[in-house]
file entry17.txt (compact mmCIF, N, CA and C atoms and all ligand atoms)
# COMPACT_ATOMS: atom_id res chain seq x y z
N MET J 21 0.84 -1.20 0.00
CA MET J 21 0.00 0.00 0.00
C MET J 21 0.87 1.26 0.00
N ALA J 22 0.52 2.19 -0.87
CA ALA J 22 1.29 3.44 -0.96
C ALA J 22 1.07 4.27 0.30
N ALA J 23 2.09 4.98 0.73
CA ALA J 23 2.01 5.80 1.94
C ALA J 23 1.19 7.07 1.69
N ILE J 24 1.01 7.41 0.43
CA ILE J 24 0.30 8.65 0.10
C ILE J 24 -0.59 8.38 -1.12
N THR J 25 -1.74 9.04 -1.18
CA THR J 25 -2.60 8.90 -2.36
C THR J 25 -2.33 10.08 -3.30
N LYS J 26 -2.79 9.92 -4.55
CA LYS J 26 -2.63 10.99 -5.53
C LYS J 26 -3.39 12.24 -5.06
N GLU J 27 -4.56 12.05 -4.45
CA GLU J 27 -5.36 13.18 -3.97
C GLU J 27 -4.61 13.94 -2.86
N GLN J 28 -3.98 13.19 -1.97
CA GLN J 28 -3.20 13.85 -0.90
C GLN J 28 -2.02 14.62 -1.50
N LEU J 29 -1.39 14.03 -2.50
CA LEU J 29 -0.26 14.71 -3.15
C LEU J 29 -0.74 16.01 -3.83
N ILE J 30 -1.90 15.96 -4.48
CA ILE J 30 -2.44 17.16 -5.13
C ILE J 30 -2.67 18.26 -4.08
N ASP J 31 -3.23 17.90 -2.92
CA ASP J 31 -3.46 18.88 -1.85
C ASP J 31 -2.14 19.50 -1.37
N LEU J 32 -1.14 18.65 -1.21
CA LEU J 32 0.17 19.17 -0.76
C LEU J 32 0.80 20.07 -1.82
N LEU J 33 0.66 19.69 -3.09
CA LEU J 33 1.21 20.53 -4.17
C LEU J 33 0.48 21.87 -4.23
N ASN J 34 -0.81 21.86 -3.90
CA ASN J 34 -1.54 23.13 -3.87
C ASN J 34 -1.05 24.03 -2.74
N LYS J 35 -0.65 23.43 -1.62
CA LYS J 35 -0.05 24.22 -0.53
C LYS J 35 1.28 24.82 -1.01
N ASP J 36 2.07 23.99 -1.71
CA ASP J 36 3.35 24.47 -2.26
C ASP J 36 3.10 25.61 -3.26
N LEU J 37 2.07 25.44 -4.10
CA LEU J 37 1.75 26.46 -5.11
C LEU J 37 1.41 27.80 -4.44
N GLY J 38 0.54 27.76 -3.42
CA GLY J 38 0.19 28.99 -2.70
C GLY J 38 1.42 29.66 -2.12
N LEU J 39 2.33 28.85 -1.56
CA LEU J 39 3.53 29.42 -0.94
C LEU J 39 4.53 29.93 -1.98
N GLU J 40 4.48 29.41 -3.20
CA GLU J 40 5.29 30.00 -4.29
C GLU J 40 4.74 31.39 -4.63
N TYR J 41 3.41 31.53 -4.68
CA TYR J 41 2.83 32.86 -4.91
C TYR J 41 3.29 33.81 -3.80
N THR J 42 3.20 33.34 -2.56
CA THR J 42 3.60 34.17 -1.41
C THR J 42 5.05 34.61 -1.54
N ALA J 43 5.93 33.67 -1.91
CA ALA J 43 7.36 33.99 -2.04
C ALA J 43 7.56 35.07 -3.11
N MET J 44 6.81 34.95 -4.21
CA MET J 44 6.94 35.94 -5.29
C MET J 44 6.51 37.33 -4.79
N VAL J 45 5.39 37.38 -4.07
CA VAL J 45 4.89 38.65 -3.52
C VAL J 45 5.91 39.23 -2.52
N GLN J 46 6.40 38.36 -1.64
CA GLN J 46 7.33 38.80 -0.59
C GLN J 46 8.63 39.34 -1.18
N TYR J 47 9.21 38.62 -2.15
CA TYR J 47 10.45 39.10 -2.77
C TYR J 47 10.23 40.40 -3.54
N THR J 48 9.08 40.52 -4.20
CA THR J 48 8.79 41.73 -4.97
C THR J 48 8.71 42.93 -4.03
N GLN J 49 8.05 42.74 -2.88
CA GLN J 49 7.93 43.83 -1.91
C GLN J 49 9.29 44.13 -1.28
N HIS J 50 10.01 43.07 -0.86
CA HIS J 50 11.30 43.27 -0.17
C HIS J 50 12.32 43.97 -1.07
N GLN J 51 12.39 43.61 -2.36
CA GLN J 51 13.39 44.25 -3.22
C GLN J 51 13.07 45.74 -3.36
N GLY J 52 11.79 46.10 -3.21
CA GLY J 52 11.41 47.51 -3.34
C GLY J 52 11.75 48.34 -2.12
N VAL J 53 11.81 47.71 -0.95
CA VAL J 53 11.98 48.50 0.27
C VAL J 53 13.31 48.29 0.99
N LEU J 54 14.14 47.33 0.52
CA LEU J 54 15.46 47.11 1.17
C LEU J 54 16.25 48.40 1.11
N LYS J 55 16.80 48.80 2.25
CA LYS J 55 17.56 50.06 2.32
C LYS J 55 19.03 49.79 2.65
N GLY J 56 19.91 50.59 2.07
CA GLY J 56 21.32 50.51 2.44
C GLY J 56 22.20 50.03 1.31
N ALA J 57 23.35 50.72 1.13
CA ALA J 57 24.28 50.43 0.05
C ALA J 57 24.77 48.99 0.11
N MET J 58 24.91 48.45 1.36
CA MET J 58 25.46 47.10 1.49
C MET J 58 24.48 46.02 1.00
N TYR J 59 23.23 46.43 0.76
CA TYR J 59 22.23 45.44 0.29
C TYR J 59 21.99 45.51 -1.22
N GLN J 60 22.81 46.32 -1.93
CA GLN J 60 22.59 46.49 -3.37
C GLN J 60 22.65 45.18 -4.15
N SER J 61 23.64 44.34 -3.80
CA SER J 61 23.77 43.13 -4.61
C SER J 61 22.69 42.10 -4.26
N ILE J 62 22.31 41.99 -2.99
CA ILE J 62 21.23 41.05 -2.64
C ILE J 62 19.90 41.57 -3.19
N GLN J 63 19.75 42.89 -3.27
CA GLN J 63 18.50 43.44 -3.82
C GLN J 63 18.30 42.96 -5.27
N LYS J 64 19.40 42.96 -6.04
CA LYS J 64 19.34 42.45 -7.43
C LYS J 64 18.97 40.97 -7.44
N GLU J 65 19.52 40.21 -6.49
CA GLU J 65 19.20 38.77 -6.39
C GLU J 65 17.71 38.57 -6.07
N LEU J 66 17.17 39.41 -5.20
CA LEU J 66 15.76 39.26 -4.81
C LEU J 66 14.83 39.44 -6.01
N ILE J 67 15.22 40.34 -6.94
CA ILE J 67 14.41 40.53 -8.16
C ILE J 67 14.40 39.23 -8.98
N ILE J 68 15.58 38.60 -9.07
CA ILE J 68 15.68 37.31 -9.79
C ILE J 68 14.87 36.22 -9.05
N HIS J 69 14.99 36.20 -7.70
CA HIS J 69 14.24 35.21 -6.92
C HIS J 69 12.74 35.33 -7.21
N ALA J 70 12.23 36.57 -7.22
CA ALA J 70 10.79 36.78 -7.44
C ALA J 70 10.38 36.15 -8.77
N GLN J 71 11.21 36.34 -9.80
CA GLN J 71 10.89 35.79 -11.13
C GLN J 71 10.95 34.27 -11.12
N GLU J 72 11.92 33.73 -10.38
CA GLU J 72 12.04 32.26 -10.31
C GLU J 72 10.88 31.64 -9.52
N GLU J 73 10.39 32.33 -8.49
CA GLU J 73 9.23 31.80 -7.74
C GLU J 73 8.01 31.75 -8.66
N LEU J 74 7.86 32.74 -9.54
CA LEU J 74 6.74 32.70 -10.50
C LEU J 74 6.89 31.50 -11.45
N GLN J 75 8.13 31.23 -11.89
CA GLN J 75 8.36 30.05 -12.74
C GLN J 75 7.98 28.77 -12.00
N HIS J 76 8.34 28.69 -10.70
CA HIS J 76 7.98 27.50 -9.91
C HIS J 76 6.46 27.35 -9.84
N ALA J 77 5.78 28.46 -9.57
CA ALA J 77 4.31 28.43 -9.48
C ALA J 77 3.72 27.93 -10.79
N THR J 78 4.26 28.40 -11.90
CA THR J 78 3.75 28.02 -13.23
C THR J 78 3.92 26.52 -13.46
N ILE J 79 5.09 26.00 -13.11
CA ILE J 79 5.37 24.56 -13.27
C ILE J 79 4.44 23.72 -12.39
N ILE J 80 4.29 24.12 -11.12
CA ILE J 80 3.48 23.34 -10.18
C ILE J 80 2.00 23.39 -10.58
N ALA J 81 1.53 24.56 -11.04
CA ALA J 81 0.12 24.67 -11.48
C ALA J 81 -0.15 23.70 -12.63
N ALA J 82 0.77 23.62 -13.58
CA ALA J 82 0.59 22.71 -14.72
C ALA J 82 0.60 21.26 -14.25
N GLN J 83 1.45 20.92 -13.29
CA GLN J 83 1.53 19.54 -12.78
C GLN J 83 0.25 19.17 -12.03
N ILE J 84 -0.32 20.10 -11.25
CA ILE J 84 -1.57 19.84 -10.51
C ILE J 84 -2.69 19.57 -11.51
N ASP J 85 -2.75 20.37 -12.56
CA ASP J 85 -3.78 20.18 -13.59
C ASP J 85 -3.60 18.81 -14.26
N TYR J 86 -2.37 18.46 -14.58
CA TYR J 86 -2.07 17.17 -15.21
C TYR J 86 -2.52 16.00 -14.32
N LEU J 87 -2.37 16.17 -13.00
CA LEU J 87 -2.76 15.11 -12.06
C LEU J 87 -4.28 15.05 -11.84
N GLY J 88 -5.01 16.01 -12.43
CA GLY J 88 -6.47 16.00 -12.29
C GLY J 88 -6.98 16.93 -11.19
N GLY J 89 -6.10 17.75 -10.62
CA GLY J 89 -6.52 18.69 -9.58
C GLY J 89 -6.77 20.07 -10.16
N VAL J 90 -7.23 20.98 -9.29
CA VAL J 90 -7.44 22.37 -9.70
C VAL J 90 -6.42 23.23 -8.97
N PRO J 91 -5.52 23.90 -9.70
CA PRO J 91 -4.51 24.74 -9.05
C PRO J 91 -5.18 25.86 -8.24
N THR J 92 -4.69 26.08 -7.03
CA THR J 92 -5.26 27.09 -6.14
C THR J 92 -4.98 28.51 -6.63
N VAL J 93 -5.86 29.44 -6.20
CA VAL J 93 -5.58 30.87 -6.38
C VAL J 93 -5.37 31.52 -5.01
N ASN J 94 -5.30 30.68 -3.98
CA ASN J 94 -5.11 31.18 -2.62
C ASN J 94 -3.65 31.61 -2.40
N VAL J 95 -3.47 32.80 -1.85
CA VAL J 95 -2.12 33.32 -1.59
C VAL J 95 -1.96 33.58 -0.09
N PRO J 96 -1.30 32.66 0.65
CA PRO J 96 -1.07 32.92 2.08
C PRO J 96 -0.27 34.21 2.27
N SER J 97 -0.48 34.91 3.41
CA SER J 97 0.15 36.23 3.58
C SER J 97 1.67 36.18 3.59
N ALA J 98 2.25 37.21 2.98
CA ALA J 98 3.70 37.39 2.96
C ALA J 98 4.11 38.13 4.23
N LYS J 99 5.41 38.04 4.56
CA LYS J 99 5.94 38.76 5.73
C LYS J 99 6.78 39.94 5.27
N THR J 100 6.78 41.00 6.06
CA THR J 100 7.69 42.11 5.78
C THR J 100 8.08 42.77 7.09
N SER J 101 9.01 43.73 7.01
CA SER J 101 9.52 44.41 8.20
C SER J 101 10.10 45.74 7.78
N GLY J 102 10.24 46.67 8.72
CA GLY J 102 10.92 47.93 8.44
C GLY J 102 12.44 47.76 8.50
N ASP J 103 12.88 46.58 8.89
CA ASP J 103 14.31 46.33 9.08
C ASP J 103 14.83 45.37 8.00
N SER J 104 15.90 45.77 7.32
CA SER J 104 16.42 44.98 6.20
C SER J 104 16.87 43.58 6.60
N VAL J 105 17.59 43.49 7.73
CA VAL J 105 18.08 42.17 8.17
C VAL J 105 16.89 41.25 8.47
N THR J 106 15.87 41.80 9.13
CA THR J 106 14.68 41.00 9.44
C THR J 106 14.01 40.50 8.16
N MET J 107 13.95 41.35 7.14
CA MET J 107 13.35 40.91 5.88
C MET J 107 14.13 39.76 5.26
N LEU J 108 15.46 39.86 5.29
CA LEU J 108 16.28 38.78 4.70
C LEU J 108 16.13 37.49 5.51
N GLU J 109 15.97 37.62 6.85
CA GLU J 109 15.71 36.44 7.70
C GLU J 109 14.36 35.82 7.35
N GLN J 110 13.36 36.67 7.10
CA GLN J 110 12.03 36.15 6.72
C GLN J 110 12.13 35.39 5.39
N ASP J 111 12.91 35.94 4.46
CA ASP J 111 13.08 35.27 3.17
C ASP J 111 13.79 33.93 3.34
N LEU J 112 14.82 33.91 4.21
CA LEU J 112 15.57 32.67 4.44
C LEU J 112 14.68 31.61 5.10
N ASP J 113 13.84 32.03 6.06
CA ASP J 113 12.90 31.08 6.69
C ASP J 113 11.99 30.45 5.63
N GLY J 114 11.51 31.29 4.72
CA GLY J 114 10.64 30.80 3.64
C GLY J 114 11.35 29.78 2.77
N GLU J 115 12.62 30.05 2.47
CA GLU J 115 13.40 29.12 1.63
C GLU J 115 13.65 27.80 2.36
N ASN J 116 13.99 27.89 3.65
CA ASN J 116 14.25 26.64 4.40
C ASN J 116 12.99 25.80 4.50
N ASP J 117 11.85 26.47 4.64
CA ASP J 117 10.57 25.76 4.66
C ASP J 117 10.33 25.10 3.30
N ALA J 118 10.57 25.83 2.21
CA ALA J 118 10.36 25.28 0.86
C ALA J 118 11.29 24.07 0.63
N ILE J 119 12.53 24.18 1.06
CA ILE J 119 13.50 23.09 0.88
C ILE J 119 12.99 21.82 1.57
N ALA J 120 12.53 21.95 2.82
CA ALA J 120 12.02 20.79 3.56
C ALA J 120 10.78 20.21 2.87
N ARG J 121 9.89 21.09 2.41
CA ARG J 121 8.67 20.60 1.74
C ARG J 121 9.00 19.87 0.45
N TYR J 122 9.93 20.41 -0.36
CA TYR J 122 10.22 19.77 -1.65
C TYR J 122 11.00 18.46 -1.47
N ILE J 123 11.80 18.36 -0.43
CA ILE J 123 12.49 17.09 -0.16
C ILE J 123 11.43 15.99 0.07
N SER J 124 10.39 16.30 0.89
CA SER J 124 9.34 15.27 1.08
C SER J 124 8.53 15.08 -0.19
N ARG J 125 8.24 16.16 -0.92
CA ARG J 125 7.41 16.04 -2.11
C ARG J 125 8.07 15.16 -3.18
N ILE J 126 9.39 15.23 -3.30
CA ILE J 126 10.10 14.39 -4.27
C ILE J 126 9.93 12.92 -3.90
N LYS J 127 10.10 12.60 -2.60
CA LYS J 127 9.93 11.21 -2.14
C LYS J 127 8.51 10.73 -2.39
N GLN J 128 7.53 11.61 -2.09
CA GLN J 128 6.11 11.23 -2.26
C GLN J 128 5.78 11.00 -3.74
N SER J 129 6.35 11.83 -4.63
CA SER J 129 6.11 11.66 -6.07
C SER J 129 6.68 10.33 -6.54
N GLU J 130 7.85 9.99 -6.04
CA GLU J 130 8.49 8.73 -6.44
C GLU J 130 7.71 7.53 -5.91
N GLU J 131 7.12 7.66 -4.72
CA GLU J 131 6.27 6.58 -4.19
C GLU J 131 5.11 6.28 -5.13
N LEU J 132 4.63 7.33 -5.82
CA LEU J 132 3.51 7.16 -6.76
C LEU J 132 4.01 6.95 -8.20
N ASN J 133 5.33 6.72 -8.35
CA ASN J 133 5.95 6.51 -9.67
C ASN J 133 5.75 7.70 -10.61
N LEU J 134 5.64 8.91 -10.05
CA LEU J 134 5.47 10.11 -10.87
C LEU J 134 6.87 10.73 -11.06
N TYR J 135 7.65 10.12 -11.95
CA TYR J 135 9.06 10.51 -12.09
C TYR J 135 9.24 11.84 -12.82
N HIS J 136 8.31 12.18 -13.70
CA HIS J 136 8.41 13.49 -14.36
C HIS J 136 8.19 14.60 -13.32
N LEU J 137 7.17 14.41 -12.48
CA LEU J 137 6.92 15.38 -11.40
C LEU J 137 8.13 15.45 -10.46
N ALA J 138 8.67 14.29 -10.09
CA ALA J 138 9.83 14.25 -9.19
C ALA J 138 11.01 15.02 -9.80
N HIS J 139 11.19 14.86 -11.12
CA HIS J 139 12.27 15.55 -11.82
C HIS J 139 12.07 17.07 -11.78
N GLN J 140 10.83 17.51 -12.02
CA GLN J 140 10.52 18.95 -11.99
C GLN J 140 10.77 19.50 -10.58
N LEU J 141 10.36 18.72 -9.57
CA LEU J 141 10.52 19.16 -8.18
C LEU J 141 11.99 19.22 -7.78
N ARG J 142 12.80 18.31 -8.32
CA ARG J 142 14.25 18.35 -8.06
C ARG J 142 14.86 19.64 -8.59
N ASN J 143 14.44 20.03 -9.80
CA ASN J 143 14.95 21.27 -10.38
C ASN J 143 14.54 22.47 -9.52
N ILE J 144 13.29 22.46 -9.05
CA ILE J 144 12.82 23.56 -8.19
C ILE J 144 13.61 23.57 -6.88
N LEU J 145 13.80 22.38 -6.29
CA LEU J 145 14.55 22.27 -5.03
C LEU J 145 15.96 22.85 -5.17
N ALA J 146 16.62 22.55 -6.30
CA ALA J 146 17.98 23.06 -6.51
C ALA J 146 17.98 24.59 -6.52
N VAL J 147 16.96 25.19 -7.12
CA VAL J 147 16.87 26.66 -7.17
C VAL J 147 16.61 27.22 -5.77
N GLU J 148 15.74 26.54 -4.98
CA GLU J 148 15.47 27.02 -3.61
C GLU J 148 16.75 26.96 -2.77
N GLN J 149 17.55 25.92 -2.98
CA GLN J 149 18.80 25.82 -2.22
C GLN J 149 19.76 26.95 -2.60
N GLU J 150 19.74 27.32 -3.88
CA GLU J 150 20.55 28.45 -4.34
C GLU J 150 20.04 29.76 -3.71
N HIS J 151 18.73 29.91 -3.65
CA HIS J 151 18.14 31.10 -3.01
C HIS J 151 18.59 31.20 -1.55
N ALA J 152 18.54 30.05 -0.84
CA ALA J 152 18.94 30.05 0.57
C ALA J 152 20.41 30.43 0.69
N MET J 153 21.25 29.94 -0.22
CA MET J 153 22.69 30.28 -0.19
C MET J 153 22.90 31.78 -0.37
N ASP J 154 22.17 32.39 -1.32
CA ASP J 154 22.29 33.83 -1.57
C ASP J 154 21.95 34.62 -0.31
N LEU J 155 20.88 34.19 0.37
CA LEU J 155 20.43 34.92 1.58
C LEU J 155 21.40 34.71 2.73
N GLU J 156 21.90 33.48 2.88
CA GLU J 156 22.87 33.21 3.96
C GLU J 156 24.12 34.05 3.77
N GLN J 157 24.55 34.16 2.52
CA GLN J 157 25.74 34.96 2.20
C GLN J 157 25.49 36.43 2.56
N ALA J 158 24.33 36.96 2.19
CA ALA J 158 24.00 38.36 2.47
C ALA J 158 23.90 38.62 3.97
N LEU J 159 23.47 37.59 4.71
CA LEU J 159 23.32 37.72 6.16
C LEU J 159 24.63 37.40 6.90
N GLY J 160 25.66 37.05 6.15
CA GLY J 160 26.96 36.73 6.75
C GLY J 160 26.94 35.42 7.53
N LYS J 161 26.11 34.46 7.07
CA LYS J 161 26.02 33.16 7.77
C LYS J 161 26.93 32.13 7.11
FE FE C 1 10.13 28.61 -5.41
FE FE C 2 13.00 30.38 -3.46
call {"tool": "encode", "arguments": {"input": "entry17.txt", "output": "structure tokens", "more": "lines below"}}
Ligand SMILES: [Fe+2]
Ligand SMILES: [Fe+2]
result
Amino acid sequence: MAAITKEQLIDLLNKDLGLEYTAMVQYTQHQGVLKGAMYQSIQKELIIHAQEELQHATIIAAQIDYLGGVPTVNVPSAKTSGDSVTMLEQDLDGENDAIARYISRIKQSEELNLYHLAHQLRNILAVEQEHAMDLEQALGK
């Protein structure tokens, strides 16, 4: 017996999709309000991150439709702050959460023999890990 059903996987992918929308909104807002000369290079990265989160959302929406689900339009709230370091910490928390979710999602896709989905999720996971590295570097971690 499979540990997960296709319906459960669709629900989890819809949660991931909503959080990709959130990440796109959050990065778009953060790149607009980050203050300080020392944040110039990470600000450019955040613009790229926002675009990549939209690409992830697009890929996941197509996969949900392919699996017979309806892609969500729900956008969980984004986080922001008046403080630049706090904003970058919020972005890093979001990336670490995404990394943990996609690691399980890849395993769950493989349990259902959905190797094309697993492959797409691996590519997304690699980009999230790169995003986390950019933020850790900017935060001096
Ligand atoms: Fe993403
Ligand atoms: Fe990301």
call {"tool": "closest_residue", "arguments": {"input": "entry17.txt", "among": "J:Asp117, J:Gln140, J:Gln110, J:Val45", "to": "J:Ile79", "atoms": "only N, CA and C atoms"}}
result
J:Gln140
call {"tool": "residues_near_ligand", "arguments": {"input": "entry17.txt", "ligand": "ligand FE 1 (chain C)", "cutoff": "6.5 Å", "atoms": "all atoms listed in the file", "output": "VMD selection string"}}
result
chain J and resid 40 72 to 74 76 to 77 144 148
call {"tool": "closest_residue", "arguments": {"input": "entry17.txt", "among": "J:Glu115, J:Asp31, J:Asp154, J:Asp103", "to": "ligand FE 2 (chain C)", "atoms": "only N, CA and C atoms and all ligand atoms"}}
result
J:Glu115
call {"tool": "residues_near_ligand", "arguments": {"input": "entry17.txt", "ligand": "ligand FE 2 (chain C)", "cutoff": "8 Å", "atoms": "only N, CA and C atoms and all ligand atoms", "output": "PDB file with N, CA and C atoms, keeping the file's coordinate frame"}}
result
ATOM      1  N   GLU J  40       4.480  29.410  -3.200  1.00  0.00           N
ATOM      2  CA  GLU J  40       5.290  30.000  -4.290  1.00  0.00           C
ATOM      3  C   GLU J  40       4.740  31.390  -4.630  1.00  0.00           C
ATOM      4  N   ALA J  43       5.930  33.670  -1.910  1.00  0.00           N
ATOM      5  CA  ALA J  43       7.360  33.990  -2.040  1.00  0.00           C
ATOM      6  C   ALA J  43       7.560  35.070  -3.110  1.00  0.00           C
ATOM      7  N   MET J  44       6.810  34.950  -4.210  1.00  0.00           N
ATOM      8  CA  MET J  44       6.940  35.940  -5.290  1.00  0.00           C
ATOM      9  C   MET J  44       6.510  37.330  -4.790  1.00  0.00           C
ATOM     10  N   HIS J  69      14.990  36.200  -7.700  1.00  0.00           N
ATOM     11  CA  HIS J  69      14.240  35.210  -6.920  1.00  0.00           C
ATOM     12  C   HIS J  69      12.740  35.330  -7.210  1.00  0.00           C
ATOM     13  N   ALA J  70      12.230  36.570  -7.220  1.00  0.00           N
ATOM     14  CA  ALA J  70      10.790  36.780  -7.440  1.00  0.00           C
ATOM     15  C   ALA J  70      10.380  36.150  -8.770  1.00  0.00           C
ATOM     16  N   GLU J  72      11.920  33.730 -10.380  1.00  0.00           N
ATOM     17  CA  GLU J  72      12.040  32.260 -10.310  1.00  0.00           C
ATOM     18  C   GLU J  72      10.880  31.640  -9.520  1.00  0.00           C
ATOM     19  N   GLU J  73      10.390  32.330  -8.490  1.00  0.00           N
ATOM     20  CA  GLU J  73       9.230  31.800  -7.740  1.00  0.00           C
ATOM     21  C   GLU J  73       8.010  31.750  -8.660  1.00  0.00           C
ATOM     22  N   ASP J 111      12.910  35.940   4.460  1.00  0.00           N
ATOM     23  CA  ASP J 111      13.080  35.270   3.170  1.00  0.00           C
ATOM     24  C   ASP J 111      13.790  33.930   3.340  1.00  0.00           C
ATOM     25  N   GLY J 114      11.510  31.290   4.720  1.00  0.00           N
ATOM     26  CA  GLY J 114      10.640  30.800   3.640  1.00  0.00           C
ATOM     27  C   GLY J 114      11.350  29.780   2.770  1.00  0.00           C
ATOM     28  N   GLU J 115      12.620  30.050   2.470  1.00  0.00           N
ATOM     29  CA  GLU J 115      13.400  29.120   1.630  1.00  0.00           C
ATOM     30  C   GLU J 115      13.650  27.800   2.360  1.00  0.00           C
ATOM     31  N   ASN J 116      13.990  27.890   3.650  1.00  0.00           N
ATOM     32  CA  ASN J 116      14.250  26.640   4.400  1.00  0.00           C
ATOM     33  C   ASN J 116      12.990  25.800   4.500  1.00  0.00           C
ATOM     34  N   ALA J 118      10.570  25.830   2.210  1.00  0.00           N
ATOM     35  CA  ALA J 118      10.360  25.280   0.860  1.00  0.00           C
ATOM     36  C   ALA J 118      11.290  24.070   0.630  1.00  0.00           C
ATOM     37  N   ILE J 119      12.530  24.180   1.060  1.00  0.00           N
ATOM     38  CA  ILE J 119      13.500  23.090   0.880  1.00  0.00           C
ATOM     39  C   ILE J 119      12.990  21.820   1.570  1.00  0.00           C
ATOM     40  N   ILE J 144      13.290  22.460  -9.050  1.00  0.00           N
ATOM     41  CA  ILE J 144      12.820  23.560  -8.190  1.00  0.00           C
ATOM     42  C   ILE J 144      13.610  23.570  -6.880  1.00  0.00           C
ATOM     43  N   VAL J 147      16.960  25.190  -7.120  1.00  0.00           N
ATOM     44  CA  VAL J 147      16.870  26.660  -7.170  1.00  0.00           C
ATOM     45  C   VAL J 147      16.610  27.220  -5.770  1.00  0.00           C
ATOM     46  N   GLU J 148      15.740  26.540  -4.980  1.00  0.00           N
ATOM     47  CA  GLU J 148      15.470  27.020  -3.610  1.00  0.00           C
ATOM     48  C   GLU J 148      16.750  26.960  -2.770  1.00  0.00           C
ATOM     49  N   GLN J 149      17.550  25.920  -2.980  1.00  0.00           N
ATOM     50  CA  GLN J 149      18.800  25.820  -2.220  1.00  0.00           C
ATOM     51  C   GLN J 149      19.760  26.950  -2.600  1.00  0.00           C
ATOM     52  N   GLU J 150      19.740  27.320  -3.880  1.00  0.00           N
ATOM     53  CA  GLU J 150      20.550  28.450  -4.340  1.00  0.00           C
ATOM     54  C   GLU J 150      20.040  29.760  -3.710  1.00  0.00           C
ATOM     55  N   HIS J 151      18.730  29.910  -3.650  1.00  0.00           N
ATOM     56  CA  HIS J 151      18.140  31.100  -3.010  1.00  0.00           C
ATOM     57  C   HIS J 151      18.590  31.200  -1.550  1.00  0.00           C
ATOM     58  N   ALA J 152      18.540  30.050  -0.840  1.00  0.00           N
ATOM     59  CA  ALA J 152      18.940  30.050   0.570  1.00  0.00           C
ATOM     60  C   ALA J 152      20.410  30.430   0.690  1.00  0.00           C
TER      61      ALA J 152
END
call {"tool": "atom_distance", "arguments": {"input": "entry17.txt", "atom1": "atom CA of J:Ser61", "atom2": "atom CA of J:Leu39"}}
result
24.7 Å
call {"tool": "closest_residue", "arguments": {"input": "entry17.txt", "among": "J:Leu33, J:Ala146, J:Ala23, J:Val105", "to": "J:Ile80", "atoms": "all atoms listed in the file"}}
result
J:Leu33
call {"tool": "select_by_dssp", "arguments": {"input": "entry17.txt", "residues": "stretch 62-142 of chain J", "states": "helix (DSSP H, G or I)", "output": "VMD selection string"}}
result
chain J and resid 62 to 86 104 to 131 135 to 142
call {"tool": "decode", "arguments": {"input": "entry17.txt", "residues": "stretch 43-55 of chain J", "atoms": "N, CA and C atoms", "output": "short mmCIF file (atom, residue, chain, number, x, y, z; two decimals), in the first residue's frame"}}
result
data_model
loop_
_atom_site.label_atom_id
_atom_site.label_comp_id
_atom_site.auth_asym_id
_atom_site.auth_seq_id
_atom_site.Cartn_x
_atom_site.Cartn_y
_atom_site.Cartn_z
N ALA J 43 5.93 33.67 -1.91
CA ALA J 43 7.36 33.99 -2.04
C ALA J 43 7.56 35.07 -3.11
N MET J 44 6.81 34.95 -4.21
CA MET J 44 6.94 35.94 -5.29
C MET J 44 6.51 37.33 -4.79
N VAL J 45 5.39 37.38 -4.07
CA VAL J 45 4.89 38.65 -3.52
C VAL J 45 5.91 39.23 -2.52
N GLN J 46 6.40 38.36 -1.64
CA GLN J 46 7.33 38.80 -0.59
C GLN J 46 8.63 39.34 -1.18
N TYR J 47 9.21 38.62 -2.15
CA TYR J 47 10.45 39.10 -2.77
C TYR J 47 10.23 40.40 -3.54
N THR J 48 9.08 40.52 -4.20
CA THR J 48 8.79 41.73 -4.97
C THR J 48 8.71 42.93 -4.03
N GLN J 49 8.05 42.74 -2.88
CA GLN J 49 7.93 43.83 -1.91
C GLN J 49 9.29 44.13 -1.28
N HIS J 50 10.01 43.07 -0.86
CA HIS J 50 11.30 43.27 -0.17
C HIS J 50 12.32 43.97 -1.07
N GLN J 51 12.39 43.61 -2.36
CA GLN J 51 13.39 44.25 -3.22
C GLN J 51 13.07 45.74 -3.36
N GLY J 52 11.79 46.10 -3.21
CA GLY J 52 11.41 47.51 -3.34
C GLY J 52 11.75 48.34 -2.12
N VAL J 53 11.81 47.71 -0.95
CA VAL J 53 11.98 48.50 0.27
C VAL J 53 13.31 48.29 0.99
N LEU J 54 14.14 47.33 0.52
CA LEU J 54 15.46 47.11 1.17
C LEU J 54 16.25 48.40 1.11
N LYS J 55 16.80 48.80 2.25
CA LYS J 55 17.56 50.06 2.32
C LYS J 55 19.03 49.79 2.65
#
